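Source file target.cif; content: mmCIF, C-alpha atoms.
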```cif
data_target
#
loop_
_atom_site.label_atom_id
_atom_site.label_comp_id
_atom_site.auth_asym_id
_atom_site.auth_seq_id
_atom_site.Cartn_x
_atom_site.Cartn_y
_atom_site.Cartn_z
CA MET C 1 0.00 0.00 0.00
CA THR C 2 1.09 3.56 -0.59
CA GLY C 3 2.57 5.71 2.15
CA ALA C 4 -0.52 7.92 2.12
CA SER C 5 -2.62 4.86 2.91
CA ALA C 6 -0.46 3.50 5.72
CA HIS C 7 -2.01 3.35 9.15
CA VAL C 8 -0.94 6.06 11.58
CA ASP C 9 1.75 4.94 14.00
CA SER C 10 0.11 4.13 17.32
CA TRP C 11 0.17 1.60 20.11
CA TYR C 12 -2.77 -0.01 18.35
CA LEU C 13 -0.79 -0.46 15.13
CA ARG C 14 2.22 -1.87 16.98
CA THR C 15 0.03 -4.44 18.73
CA ALA C 16 -2.31 -5.17 15.83
CA ASN C 17 -3.28 -8.59 14.58
CA PRO C 18 -2.03 -9.43 11.06
CA ILE C 19 -3.27 -6.76 8.64
CA PRO C 20 -4.29 -8.12 5.25
CA THR C 21 -4.43 -5.97 2.14
CA TYR C 22 -7.40 -5.71 -0.19
CA LEU C 23 -6.91 -4.84 -3.86
CA PRO C 24 -8.11 -1.48 -5.19
CA LEU C 25 -11.20 -1.40 -7.37
CA ALA C 26 -10.34 -1.79 -11.06
CA GLY C 27 -13.06 -1.54 -13.68
CA GLU C 28 -16.80 -2.06 -13.44
CA ALA C 29 -18.44 -4.09 -10.70
CA SER C 30 -21.99 -4.77 -9.61
CA ALA C 31 -23.56 -5.53 -6.25
CA ASP C 32 -26.83 -5.55 -4.42
CA VAL C 33 -25.37 -2.96 -2.05
CA ALA C 34 -22.29 -0.73 -2.35
CA VAL C 35 -20.80 0.57 0.89
CA LEU C 36 -18.56 3.61 1.17
CA GLY C 37 -16.17 3.32 4.12
CA ALA C 38 -14.47 0.37 5.81
CA GLY C 39 -14.76 1.61 9.35
CA TYR C 40 -17.09 0.27 12.01
CA ALA C 41 -20.34 1.60 10.53
CA GLY C 42 -19.67 0.49 6.97
CA LEU C 43 -18.31 -2.92 7.95
CA SER C 44 -21.18 -3.51 10.39
CA ALA C 45 -23.72 -2.73 7.67
CA ALA C 46 -21.86 -4.92 5.17
CA LEU C 47 -21.74 -7.84 7.60
CA HIS C 48 -25.45 -7.69 8.42
CA LEU C 49 -26.33 -7.36 4.74
CA ALA C 50 -24.15 -10.32 3.77
CA GLU C 51 -25.71 -12.42 6.51
CA ARG C 52 -29.09 -11.64 4.91
CA GLY C 53 -27.83 -12.90 1.56
CA PHE C 54 -27.00 -9.61 -0.17
CA LYS C 55 -24.01 -9.26 -2.47
CA VAL C 56 -21.96 -6.42 -0.96
CA VAL C 57 -18.96 -4.42 -2.18
CA VAL C 58 -17.14 -2.07 0.22
CA LEU C 59 -14.94 0.77 -1.05
CA GLU C 60 -12.34 2.25 1.31
CA ALA C 61 -10.23 5.28 0.41
CA ARG C 62 -7.25 4.17 2.56
CA ARG C 63 -7.08 1.00 4.65
CA VAL C 64 -9.60 -0.93 6.73
CA GLY C 65 -9.93 0.98 10.01
CA TRP C 66 -7.62 3.76 8.78
CA GLY C 67 -9.72 6.57 10.27
CA ALA C 68 -11.35 6.94 13.67
CA SER C 69 -12.20 3.22 13.81
CA GLY C 70 -8.53 2.33 14.14
CA ARG C 71 -7.33 5.22 16.30
CA ASN C 72 -9.97 5.92 18.96
CA GLY C 73 -10.00 5.32 22.71
CA GLY C 74 -11.70 1.95 22.30
CA GLN C 75 -14.33 2.78 24.92
CA LEU C 76 -17.78 1.19 24.96
CA VAL C 77 -20.15 3.67 26.59
CA THR C 78 -23.73 3.06 27.70
CA GLY C 79 -26.54 5.07 26.12
CA PHE C 80 -26.27 8.30 24.15
CA ASN C 81 -24.53 11.62 24.75
CA PRO C 82 -27.94 13.34 25.20
CA SER C 83 -29.99 12.10 28.13
CA ILE C 84 -33.14 10.10 27.51
CA ALA C 85 -35.08 13.07 28.89
CA THR C 86 -33.55 15.25 26.17
CA LEU C 87 -34.25 12.64 23.50
CA GLY C 88 -37.82 12.53 24.80
CA LYS C 89 -38.22 16.25 24.08
CA TRP C 90 -37.13 15.62 20.50
CA VAL C 91 -38.98 12.42 19.58
CA GLY C 92 -41.42 11.85 22.45
CA PRO C 93 -40.93 9.74 25.59
CA ASP C 94 -42.02 6.42 24.05
CA ASP C 95 -39.63 6.68 21.11
CA ALA C 96 -36.88 7.90 23.44
CA ARG C 97 -37.25 4.66 25.39
CA ARG C 98 -37.08 2.71 22.11
CA LEU C 99 -33.88 4.55 21.23
CA TRP C 100 -32.48 3.62 24.62
CA GLY C 101 -33.32 0.01 23.85
CA LEU C 102 -31.40 0.28 20.57
CA ALA C 103 -28.37 1.69 22.39
CA GLU C 104 -28.49 -1.23 24.83
CA GLU C 105 -28.83 -3.61 21.88
CA ALA C 106 -25.76 -1.96 20.33
CA ARG C 107 -23.61 -2.76 23.35
CA ARG C 108 -24.77 -6.38 23.37
CA LEU C 109 -24.31 -6.60 19.62
CA VAL C 110 -20.65 -5.58 19.86
CA GLU C 111 -20.05 -8.39 22.34
CA GLU C 112 -22.06 -10.91 20.33
CA THR C 113 -20.25 -10.04 17.08
CA ILE C 114 -16.85 -10.37 18.72
CA THR C 115 -17.79 -13.75 20.19
CA ARG C 116 -19.54 -15.15 17.13
CA HIS C 117 -16.72 -14.27 14.74
CA GLY C 118 -13.83 -14.90 17.12
CA ILE C 119 -12.47 -11.36 16.91
CA ALA C 120 -9.35 -11.06 19.08
CA CYS C 121 -9.67 -7.47 20.30
CA ALA C 122 -9.30 -7.77 24.10
CA LEU C 123 -12.90 -6.83 24.94
CA THR C 124 -13.02 -6.03 28.66
CA ARG C 125 -15.99 -4.92 30.77
CA GLY C 126 -15.93 -2.03 33.24
CA TYR C 127 -16.39 1.73 32.75
CA LEU C 128 -15.96 4.58 35.21
CA PHE C 129 -17.34 8.12 34.85
CA ALA C 130 -15.17 10.38 37.02
CA GLY C 131 -16.60 13.51 38.62
CA LEU C 132 -14.30 16.50 39.02
CA LYS C 133 -16.71 18.73 40.96
CA PRO C 134 -20.02 18.53 42.84
CA ARG C 135 -22.17 19.40 39.82
CA HIS C 136 -20.69 16.42 38.02
CA MET C 137 -21.86 14.19 40.84
CA ALA C 138 -25.36 15.65 40.56
CA ASP C 139 -25.28 14.79 36.85
CA LEU C 140 -24.10 11.25 37.62
CA GLU C 141 -26.86 10.75 40.19
CA THR C 142 -29.40 11.80 37.56
CA MET C 143 -27.81 9.47 35.02
CA LYS C 144 -27.93 6.52 37.42
CA ALA C 145 -31.58 7.18 38.26
CA GLU C 146 -32.48 7.42 34.58
CA TRP C 147 -30.65 4.17 33.80
CA GLN C 148 -32.42 2.36 36.65
CA ALA C 149 -35.80 3.55 35.43
CA LEU C 150 -34.95 2.11 32.01
CA GLY C 151 -33.86 -1.25 33.41
CA HIS C 152 -30.09 -0.78 33.28
CA ASP C 153 -29.15 -2.06 36.74
CA GLY C 154 -25.77 -2.45 38.37
CA ALA C 155 -24.28 1.04 38.07
CA VAL C 156 -22.73 2.14 41.38
CA LEU C 157 -22.14 5.67 42.66
CA LEU C 158 -18.70 6.07 44.28
CA ASP C 159 -17.68 8.66 46.84
CA GLN C 160 -14.27 10.29 46.93
CA ALA C 161 -12.66 7.59 49.07
CA GLU C 162 -13.99 4.84 46.82
CA MET C 163 -12.70 6.68 43.75
CA ARG C 164 -9.23 6.99 45.26
CA ALA C 165 -9.23 3.29 46.00
CA ARG C 166 -9.79 2.62 42.30
CA VAL C 167 -7.89 5.49 40.64
CA GLY C 168 -4.55 6.89 41.80
CA SER C 169 -5.54 10.53 41.35
CA ARG C 170 -6.69 13.25 43.71
CA SER C 171 -8.62 15.02 40.94
CA TYR C 172 -11.99 13.41 41.56
CA VAL C 173 -14.78 13.96 44.07
CA GLY C 174 -16.59 10.76 43.10
CA GLY C 175 -17.78 8.74 40.16
CA LEU C 176 -20.23 6.29 38.62
CA TYR C 177 -19.09 2.75 37.84
CA ASP C 178 -20.88 0.93 35.02
CA PRO C 179 -20.05 -2.80 34.94
CA LEU C 180 -21.60 -3.18 31.48
CA GLY C 181 -19.47 -0.58 29.73
CA GLY C 182 -15.91 -1.40 28.81
CA HIS C 183 -13.07 -1.15 26.33
CA LEU C 184 -11.41 -2.99 23.46
CA HIS C 185 -8.53 -2.75 20.96
CA PRO C 186 -10.17 -0.58 18.30
CA LEU C 187 -7.95 -1.41 15.31
CA ASN C 188 -8.17 -5.14 15.95
CA TYR C 189 -11.95 -4.82 16.23
CA ALA C 190 -12.07 -3.12 12.81
CA LEU C 191 -9.77 -5.74 11.28
CA GLY C 192 -11.92 -8.48 12.79
CA LEU C 193 -15.09 -6.99 11.34
CA ALA C 194 -13.42 -6.97 7.92
CA ASP C 195 -12.37 -10.61 8.33
CA ALA C 196 -15.95 -11.52 9.27
CA CYS C 197 -17.24 -9.65 6.21
CA ARG C 198 -14.82 -11.44 3.93
CA ALA C 199 -15.87 -14.81 5.38
CA GLN C 200 -19.48 -13.91 4.52
CA GLY C 201 -18.56 -13.14 0.90
CA VAL C 202 -18.21 -9.36 1.09
CA THR C 203 -15.76 -7.85 -1.41
CA ILE C 204 -13.55 -5.10 0.08
CA HIS C 205 -11.43 -2.73 -1.99
CA GLU C 206 -8.82 -0.55 -0.25
CA ASP C 207 -7.04 2.44 -1.82
CA SER C 208 -10.27 3.18 -3.67
CA PRO C 209 -11.40 6.73 -2.83
CA VAL C 210 -14.86 7.51 -4.16
CA THR C 211 -14.97 10.53 -6.45
CA ALA C 212 -18.68 10.59 -7.28
CA ILE C 213 -21.91 9.26 -5.79
CA ASP C 214 -25.10 8.66 -7.74
CA ALA C 215 -27.95 8.27 -5.26
CA GLY C 216 -30.67 8.26 -7.88
CA ALA C 217 -32.69 5.49 -9.48
CA GLU C 218 -29.52 3.62 -10.51
CA PRO C 219 -27.15 4.07 -7.52
CA SER C 220 -23.40 3.84 -8.01
CA LEU C 221 -20.06 4.73 -6.45
CA THR C 222 -17.31 5.90 -8.81
CA THR C 223 -13.55 5.93 -8.21
CA ALA C 224 -10.66 7.06 -10.40
CA LYS C 225 -10.25 3.48 -11.63
CA GLY C 226 -13.73 2.02 -11.66
CA ARG C 227 -17.34 2.06 -10.64
CA VAL C 228 -19.69 -0.10 -8.58
CA ARG C 229 -23.32 -0.21 -9.69
CA ALA C 230 -25.76 -1.32 -7.03
CA ASN C 231 -29.39 -1.41 -6.04
CA ALA C 232 -28.67 0.41 -2.78
CA LEU C 233 -25.90 2.47 -1.18
CA VAL C 234 -24.58 2.82 2.36
CA LEU C 235 -22.51 5.94 3.03
CA ALA C 236 -20.33 5.54 6.11
CA GLY C 237 -17.48 7.96 5.48
CA ASN C 238 -18.26 10.03 8.57
CA ALA C 239 -15.62 12.75 9.17
CA LEU C 240 -13.72 11.67 6.06
CA LEU C 241 -16.65 11.85 3.63
CA GLY C 242 -15.52 15.35 2.74
CA ARG C 243 -17.56 17.33 0.23
CA LEU C 244 -18.89 14.32 -1.69
CA VAL C 245 -22.33 15.07 -0.26
CA PRO C 246 -22.33 18.75 0.77
CA GLY C 247 -25.68 18.44 2.54
CA LEU C 248 -24.23 15.81 4.87
CA ALA C 249 -20.98 17.68 5.41
CA ARG C 250 -22.88 20.66 6.83
CA MET C 251 -24.45 18.46 9.51
CA ILE C 252 -21.18 17.34 11.12
CA ALA C 253 -17.94 18.95 12.23
CA PRO C 254 -14.62 17.08 12.06
CA VAL C 255 -12.82 17.34 15.40
CA GLY C 256 -9.22 16.35 16.06
CA THR C 257 -8.77 14.12 19.11
CA TYR C 258 -5.52 12.73 20.51
CA ILE C 259 -4.14 9.80 22.52
CA ALA C 260 -0.74 9.11 24.06
CA ALA C 261 0.76 5.79 25.07
CA THR C 262 3.28 5.93 27.91
CA GLU C 263 6.33 3.77 28.15
CA ARG C 264 5.82 0.50 30.02
CA LEU C 265 5.23 1.28 33.68
CA GLY C 266 5.41 -2.21 35.11
CA ARG C 267 2.67 -4.20 36.78
CA ALA C 268 2.88 -2.60 40.22
CA ARG C 269 2.99 1.00 39.03
CA ILE C 270 0.17 0.78 36.48
CA ARG C 271 -2.04 -0.77 39.16
CA GLN C 272 -1.33 2.15 41.45
CA LEU C 273 -2.89 4.34 38.76
CA LEU C 274 -5.76 1.99 37.91
CA ARG C 275 -6.56 -0.79 40.34
CA ASP C 276 -8.86 -2.48 37.82
CA ASP C 277 -8.65 -3.04 34.07
CA ILE C 278 -11.41 -0.55 33.24
CA ALA C 279 -11.95 2.47 31.02
CA VAL C 280 -12.21 5.90 32.68
CA CYS C 281 -13.41 9.26 31.43
CA ASP C 282 -14.08 12.48 33.31
CA MET C 283 -17.26 14.51 33.09
CA ASN C 284 -15.91 17.64 31.42
CA PHE C 285 -17.20 18.58 27.97
CA VAL C 286 -13.60 18.60 26.72
CA LEU C 287 -12.82 15.43 28.57
CA ASN C 288 -9.84 13.24 29.44
CA TYR C 289 -10.11 9.46 29.17
CA TYR C 290 -7.71 6.64 29.81
CA ARG C 291 -7.12 2.97 30.51
CA ARG C 292 -4.24 0.61 31.00
CA THR C 293 -2.89 -1.84 28.41
CA PRO C 294 -1.97 -5.53 28.68
CA ASP C 295 1.72 -4.53 28.50
CA ASP C 296 1.33 -2.11 31.45
CA ARG C 297 1.17 1.24 29.70
CA LEU C 298 -1.29 4.05 30.27
CA LEU C 299 -3.31 5.09 27.21
CA PHE C 300 -4.31 8.69 27.89
CA GLY C 301 -6.70 10.65 25.67
CA ALA C 302 -6.96 14.43 25.89
CA ARG C 303 -7.14 17.66 23.91
CA VAL C 304 -9.31 18.49 20.91
CA SER C 305 -8.83 20.66 17.85
CA TYR C 306 -11.66 22.33 15.95
CA SER C 307 -9.31 24.26 13.65
CA GLY C 308 -8.50 21.41 11.28
CA ARG C 309 -4.85 21.49 12.37
CA ASP C 310 -3.03 19.49 15.02
CA PRO C 311 -1.53 21.54 17.87
CA ALA C 312 2.08 22.42 17.13
CA ASP C 313 3.19 21.32 20.61
CA LEU C 314 0.86 18.33 20.85
CA ARG C 315 3.22 16.09 22.82
CA SER C 316 3.82 18.73 25.51
CA GLN C 317 0.11 19.58 25.70
CA MET C 318 -0.76 15.93 26.14
CA ARG C 319 1.87 15.63 28.83
CA ARG C 320 0.49 18.62 30.75
CA SER C 321 -3.00 17.13 30.60
CA MET C 322 -1.82 13.78 31.89
CA LEU C 323 0.19 15.33 34.74
CA LYS C 324 -2.84 17.29 35.95
CA THR C 325 -4.50 13.95 36.60
CA PHE C 326 -1.42 11.91 37.48
CA PRO C 327 1.38 14.23 38.70
CA GLN C 328 3.28 11.14 39.90
CA LEU C 329 4.08 10.38 36.23
CA ALA C 330 6.45 13.34 35.85
CA ASP C 331 9.33 10.98 35.08
CA VAL C 332 7.42 9.00 32.45
CA ARG C 333 7.87 9.47 28.71
CA PHE C 334 5.42 8.89 25.85
CA ASP C 335 6.32 6.19 23.35
CA GLN C 336 3.62 7.23 20.86
CA VAL C 337 1.28 10.18 20.45
CA TRP C 338 -1.30 10.13 17.68
CA GLY C 339 -4.58 11.66 16.69
CA GLY C 340 -7.36 11.64 14.15
CA LEU C 341 -10.75 13.04 13.28
CA VAL C 342 -14.09 12.18 14.80
CA ASP C 343 -17.32 13.73 13.57
CA ILE C 344 -19.73 15.44 15.91
CA THR C 345 -23.25 16.74 15.43
CA VAL C 346 -24.64 19.91 16.98
CA ASN C 347 -26.78 17.90 19.42
CA ARG C 348 -24.15 15.10 19.90
CA ALA C 349 -26.64 12.43 18.75
CA PRO C 350 -25.96 10.13 15.79
CA HIS C 351 -27.28 11.27 12.41
CA LEU C 352 -28.92 8.62 10.20
CA GLY C 353 -31.03 9.18 7.11
CA ARG C 354 -31.41 8.89 3.34
CA ILE C 355 -30.07 10.94 0.43
CA GLY C 356 -32.04 8.98 -2.16
CA PRO C 357 -34.74 6.33 -2.38
CA THR C 358 -32.27 3.50 -1.66
CA SER C 359 -29.23 5.44 -0.41
CA TYR C 360 -28.63 5.47 3.34
CA PHE C 361 -26.08 7.20 5.55
CA ALA C 362 -24.86 7.10 9.13
CA GLN C 363 -22.56 9.72 10.66
CA GLY C 364 -22.02 11.99 13.64
CA PHE C 365 -21.44 9.38 16.36
CA SER C 366 -19.83 12.12 18.47
CA GLY C 367 -17.34 10.00 20.38
CA GLN C 368 -19.60 6.97 20.91
CA GLY C 369 -18.91 5.22 17.65
CA VAL C 370 -17.47 2.01 19.07
CA THR C 371 -20.89 1.11 20.40
CA LEU C 372 -23.46 2.94 18.29
CA THR C 373 -22.02 2.05 14.88
CA ALA C 374 -22.97 -1.55 15.59
CA ILE C 375 -26.67 -0.79 15.74
CA ALA C 376 -26.42 1.76 12.93
CA GLY C 377 -25.09 -0.96 10.64
CA ARG C 378 -27.85 -3.35 11.68
CA VAL C 379 -30.73 -0.91 11.16
CA MET C 380 -29.37 0.21 7.77
CA ALA C 381 -29.28 -3.43 6.71
CA GLU C 382 -32.84 -3.88 7.98
CA ALA C 383 -34.02 -0.86 6.00
CA ILE C 384 -32.41 -2.10 2.79
CA ALA C 385 -34.10 -5.46 3.38
CA GLY C 386 -37.46 -3.69 3.62
CA GLN C 387 -37.83 -3.30 7.39
CA ALA C 388 -37.17 0.40 7.99
CA GLU C 389 -39.05 1.01 11.26
CA ARG C 390 -35.97 1.06 13.49
CA PHE C 391 -33.89 2.98 10.98
CA ASP C 392 -36.65 5.59 10.69
CA LEU C 393 -36.70 5.92 14.47
CA PHE C 394 -33.06 7.01 14.39
CA ALA C 395 -33.81 9.27 11.43
CA ARG C 396 -36.44 11.09 13.51
CA ILE C 397 -33.79 12.62 15.78
CA PRO C 398 -33.68 16.28 14.69
CA HIS C 399 -30.38 17.76 13.54
CA ALA C 400 -29.23 21.27 12.69
CA PRO C 401 -26.34 22.26 10.41
CA PHE C 402 -23.15 23.82 11.64
CA PRO C 403 -22.38 27.34 10.37
CA GLY C 404 -21.03 27.27 6.83
CA GLY C 405 -18.54 29.20 4.73
CA PRO C 406 -15.77 31.29 6.29
CA PHE C 407 -17.54 31.40 9.66
CA ARG C 408 -17.53 27.63 10.21
CA THR C 409 -14.12 27.18 11.85
CA PRO C 410 -14.20 30.41 13.94
CA ALA C 411 -17.67 29.51 15.21
CA LEU C 412 -16.55 26.04 16.21
CA MET C 413 -13.48 27.41 17.98
CA LEU C 414 -15.59 29.95 19.88
CA ALA C 415 -17.98 27.19 20.93
CA MET C 416 -15.06 25.09 22.15
CA LEU C 417 -13.73 28.05 24.14
CA TRP C 418 -17.14 28.50 25.80
CA TYR C 419 -17.24 24.85 26.83
CA ARG C 420 -13.63 24.98 28.10
CA LEU C 421 -14.54 27.94 30.26
CA ARG C 422 -17.61 26.08 31.51
CA ASP C 423 -15.42 23.10 32.43
CA LEU C 424 -13.40 25.42 34.71
CA ILE C 425 -16.43 26.55 36.68
#
```
Go ahead and express the file in the form of structure tokens.
Amino acid sequence: MTGASAHVDSWYLRTANPIPTYLPLAGEASADVAVLGAGYAGLSAALHLAERGFKVVVLEARRVGWGASGRNGGQLVTGFNPSIATLGKWVGPDDARRLWGLAEEARRLVEETITRHGIACALTRGYLFAGLKPRHMADLETMKAEWQALGHDGAVLLDQAEMRARVGSRSYVGGLYDPLGGHLHPLNYALGLADACRAQGVTIHEDSPVTAIDAGAEPSLTTAKGRVRANALVLAGNALLGRLVPGLARMIAPVGTYIAATERLGRARIRQLLRDDIAVCDMNFVLNYYRRTPDDRLLFGARVSYSGRDPADLRSQMRRSMLKTFPQLADVRFDQVWGGLVDITVNRAPHLGRIGPTSYFAQGFSGQGVTLTAIAGRVMAEAIAGQAERFDLFARIPHAPFPGGPFRTPALMLAMLWYRLRDLI
């Protein structure tokens, strides 16, 4: 593969399972369904479609899992970013409860897919929301009560002493432990989904960036070297879809997010930071998140960029963020620091819909893509098979566009500044 298509250097890449290559598209091809994007959403849709007997072709501009699917924090989070109460204001309380059920199904589906297809991606249960101030604890109490009312039992509120027993940081006043959340190796999960697709007869083409989309009566995806004609399309390019569909691009904003992997800390020291092998995130809007690795490193996620450019002093910024949480790591170096783009929506809820009679899209997972892409792929496959009720439920979530033109980036940066200031209060 070309250098431009190579995976970004990361701890995930250095610990990845064998990475096969898939030939670029060359010439004309036909399929029942053509899928744009070999990340979680596109591969999930392709897998469900193939299991229903559809002939599926997937086109990927770079490599399987090249984008956010192979670089993210690997965290499986319960529910949605908006509360069920907020979703209820948008779609009504009954449909909000149905959406909650779909989010719960998504979490189970990730686990079932990994088990059924033997995907070696170190899936581990346990998730901890960490409160930095009293208002965070009030939010967590509300979250726990809402979960209990919806039948999600087992979450445990922790006071400051209990938090310090689990996490070696004095930053937190308490937390909420969710035994059903968790974490996994994100690149290996993406590679495993591709392997499962291939075993079901899906054709995958890497190094095949789509240059044109026809979402009309005769759908097709065109590349520089070929074209796939199909009866239906699935668009799962997310933050990397670019301007191929301007109407979709206006509904999301690409945000740079970053992760650092420390040097190996040794068994005793990493367990002083994290007693248990769980994922942790704080409750700020611009949040920090972290977990330990099987080789005793700390994976620490922090910082965001709305400007379209990586911070010039990214490594030092990441280090400052980590030391605010874990000042005892002042002597520790980073072995890798990497980043990538995730796509967010204005309301932080996933955006699903149609751009043609048989052309479907899913985007805007807003940091919860590990979990929610699983159900997005399933409901898109259902809709293509003629059962669109659950897809249409997602499509009912209202979305607004981000500002366009020359004001887009400044507006996003101002919004980020407002939320940063709010985090300090």
Please write the residues picked by the PyMOL selection byres ((chain C and resi 152) around 12) on this file as a PDB file with C-alpha atoms, in the frame of the given file.
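Generated output (part.pdb):
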```pdb
ATOM      1  CA  THR C  78     -23.730   3.060  27.700  1.00  0.00           C
ATOM      2  CA  GLY C  79     -26.540   5.070  26.120  1.00  0.00           C
ATOM      3  CA  ARG C  97     -37.250   4.660  25.390  1.00  0.00           C
ATOM      4  CA  TRP C 100     -32.480   3.620  24.620  1.00  0.00           C
ATOM      5  CA  GLY C 101     -33.320   0.010  23.850  1.00  0.00           C
ATOM      6  CA  ALA C 103     -28.370   1.690  22.390  1.00  0.00           C
ATOM      7  CA  GLU C 104     -28.490  -1.230  24.830  1.00  0.00           C
ATOM      8  CA  GLU C 105     -28.830  -3.610  21.880  1.00  0.00           C
ATOM      9  CA  MET C 143     -27.810   9.470  35.020  1.00  0.00           C
ATOM     10  CA  LYS C 144     -27.930   6.520  37.420  1.00  0.00           C
ATOM     11  CA  ALA C 145     -31.580   7.180  38.260  1.00  0.00           C
ATOM     12  CA  GLU C 146     -32.480   7.420  34.580  1.00  0.00           C
ATOM     13  CA  TRP C 147     -30.650   4.170  33.800  1.00  0.00           C
ATOM     14  CA  GLN C 148     -32.420   2.360  36.650  1.00  0.00           C
ATOM     15  CA  ALA C 149     -35.800   3.550  35.430  1.00  0.00           C
ATOM     16  CA  LEU C 150     -34.950   2.110  32.010  1.00  0.00           C
ATOM     17  CA  GLY C 151     -33.860  -1.250  33.410  1.00  0.00           C
ATOM     18  CA  ASP C 153     -29.150  -2.060  36.740  1.00  0.00           C
ATOM     19  CA  GLY C 154     -25.770  -2.450  38.370  1.00  0.00           C
ATOM     20  CA  ALA C 155     -24.280   1.040  38.070  1.00  0.00           C
ATOM     21  CA  VAL C 156     -22.730   2.140  41.380  1.00  0.00           C
ATOM     22  CA  ASP C 178     -20.880   0.930  35.020  1.00  0.00           C
ATOM     23  CA  PRO C 179     -20.050  -2.800  34.940  1.00  0.00           C
ATOM     24  CA  LEU C 180     -21.600  -3.180  31.480  1.00  0.00           C
ATOM     25  CA  GLY C 181     -19.470  -0.580  29.730  1.00  0.00           C
TER      26      GLY C 181
END
```
Quiz item: Near segment 158-160 of chain C, counting all atoms listed in the file, which residues have an atom at most 8 Å away, once you skip same-chain residues fewer than 3 positions from it, shown as a list in words?
Solution: Met163, Arg164, Tyr172, Val173, Gly174, Gly175, Leu176 and Tyr177 of chain C
Quiz item: When the PyMOL selection byres ((chain C and resi 139) around 12) is applied to the file above, which residues end up in the set, as a list in words?
Solution: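 Checked against the file, the PyMOL selection byres ((chain C and resi 139) around 12) matches Ser83, Phe129, Ala130, Gly131, Leu132, Lys133, Pro134, Arg135, His136, Met137, Ala138, Leu140, Glu141, Thr142, Met143, Lys144, Ala145, Glu146, Leu157, Gly174, Gly175, Leu176, Asp282, Met283 and Asn284 of chain C.
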Self-check item: Contacts of Ala96 of chain C at 10 Å (only C-alpha atoms; same-chain gap of 2+ positions) as a count of residues only
Solution: 20
Taking the file as I've supplied it (selection: the PyMOL selection byres ((chain C and resi 279) around 10)), which residues are included? Please answer as an mmCIF file with C-alpha atoms, in the coordinates of the input.
```
data_model
loop_
_atom_site.group_PDB
_atom_site.id
_atom_site.type_symbol
_atom_site.label_atom_id
_atom_site.label_comp_id
_atom_site.auth_asym_id
_atom_site.auth_seq_id
_atom_site.Cartn_x
_atom_site.Cartn_y
_atom_site.Cartn_z
ATOM 1 C CA GLY C 73 -10.000 5.320 22.710
ATOM 2 C CA GLY C 74 -11.700 1.950 22.300
ATOM 3 C CA GLN C 75 -14.330 2.780 24.920
ATOM 4 C CA LEU C 76 -17.780 1.190 24.960
ATOM 5 C CA VAL C 77 -20.150 3.670 26.590
ATOM 6 C CA THR C 124 -13.020 -6.030 28.660
ATOM 7 C CA ARG C 125 -15.990 -4.920 30.770
ATOM 8 C CA GLY C 126 -15.930 -2.030 33.240
ATOM 9 C CA TYR C 127 -16.390 1.730 32.750
ATOM 10 C CA LEU C 128 -15.960 4.580 35.210
ATOM 11 C CA PHE C 129 -17.340 8.120 34.850
ATOM 12 C CA TYR C 177 -19.090 2.750 37.840
ATOM 13 C CA ASP C 178 -20.880 0.930 35.020
ATOM 14 C CA GLY C 181 -19.470 -0.580 29.730
ATOM 15 C CA GLY C 182 -15.910 -1.400 28.810
ATOM 16 C CA HIS C 183 -13.070 -1.150 26.330
ATOM 17 C CA LEU C 184 -11.410 -2.990 23.460
ATOM 18 C CA LEU C 274 -5.760 1.990 37.910
ATOM 19 C CA ASP C 276 -8.860 -2.480 37.820
ATOM 20 C CA ASP C 277 -8.650 -3.040 34.070
ATOM 21 C CA ILE C 278 -11.410 -0.550 33.240
ATOM 22 C CA VAL C 280 -12.210 5.900 32.680
ATOM 23 C CA CYS C 281 -13.410 9.260 31.430
ATOM 24 C CA TYR C 289 -10.110 9.460 29.170
ATOM 25 C CA TYR C 290 -7.710 6.640 29.810
ATOM 26 C CA ARG C 291 -7.120 2.970 30.510
ATOM 27 C CA ARG C 292 -4.240 0.610 31.000
ATOM 28 C CA LEU C 299 -3.310 5.090 27.210
#
```
Practice problem: Enter the distance from atom CA of Pro209 of chain C to atom CA of Arg227 of chain C, in Å, rounded to one decimal. | Solution: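 Answer for the atom CA of Pro209 of chain C to atom CA of Arg227 of chain C separation: 10.9 Å.
Of the residues listed (C:Val57, C:Leu287, C:Val234, C:Val64), C:Val234 shows the shortest atom-to-atom separation from Gly353 of chain C; distances use only C-alpha atoms.
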Please report as JSON lines every residue of segment 174-283 of chain C lying within 10 Å of segment 43-46 of chain C, along with the nearest atom pair and their distance in Å (one decimal), using only C-alpha atoms.
```
{"residue": "C:Ala190", "atom": "CA", "partner": "C:Leu43", "partner_atom": "CA", "distance": 7.9}
{"residue": "C:Leu191", "atom": "CA", "partner": "C:Leu43", "partner_atom": "CA", "distance": 9.6}
{"residue": "C:Gly192", "atom": "CA", "partner": "C:Leu43", "partner_atom": "CA", "distance": 9.8}
{"residue": "C:Leu193", "atom": "CA", "partner": "C:Leu43", "partner_atom": "CA", "distance": 6.2}
{"residue": "C:Ala194", "atom": "CA", "partner": "C:Leu43", "partner_atom": "CA", "distance": 6.3}
{"residue": "C:Asp195", "atom": "CA", "partner": "C:Leu43", "partner_atom": "CA", "distance": 9.7}
{"residue": "C:Ala196", "atom": "CA", "partner": "C:Leu43", "partner_atom": "CA", "distance": 9.0}
{"residue": "C:Cys197", "atom": "CA", "partner": "C:Ala46", "partner_atom": "CA", "distance": 6.7}
{"residue": "C:Arg198", "atom": "CA", "partner": "C:Ala46", "partner_atom": "CA", "distance": 9.7}
{"residue": "C:Gln200", "atom": "CA", "partner": "C:Ala46", "partner_atom": "CA", "distance": 9.3}
{"residue": "C:Gly201", "atom": "CA", "partner": "C:Ala46", "partner_atom": "CA", "distance": 9.8}
{"residue": "C:Val202", "atom": "CA", "partner": "C:Ala46", "partner_atom": "CA", "distance": 7.0}
{"residue": "C:Thr203", "atom": "CA", "partner": "C:Ala46", "partner_atom": "CA", "distance": 9.4}
{"residue": "C:Ile204", "atom": "CA", "partner": "C:Leu43", "partner_atom": "CA", "distance": 9.5}
{"residue": "C:Val234", "atom": "CA", "partner": "C:Ala45", "partner_atom": "CA", "distance": 7.7}
{"residue": "C:Leu235", "atom": "CA", "partner": "C:Ala45", "partner_atom": "CA", "distance": 9.9}
{"residue": "C:Ala236", "atom": "CA", "partner": "C:Leu43", "partner_atom": "CA", "distance": 8.9}
```
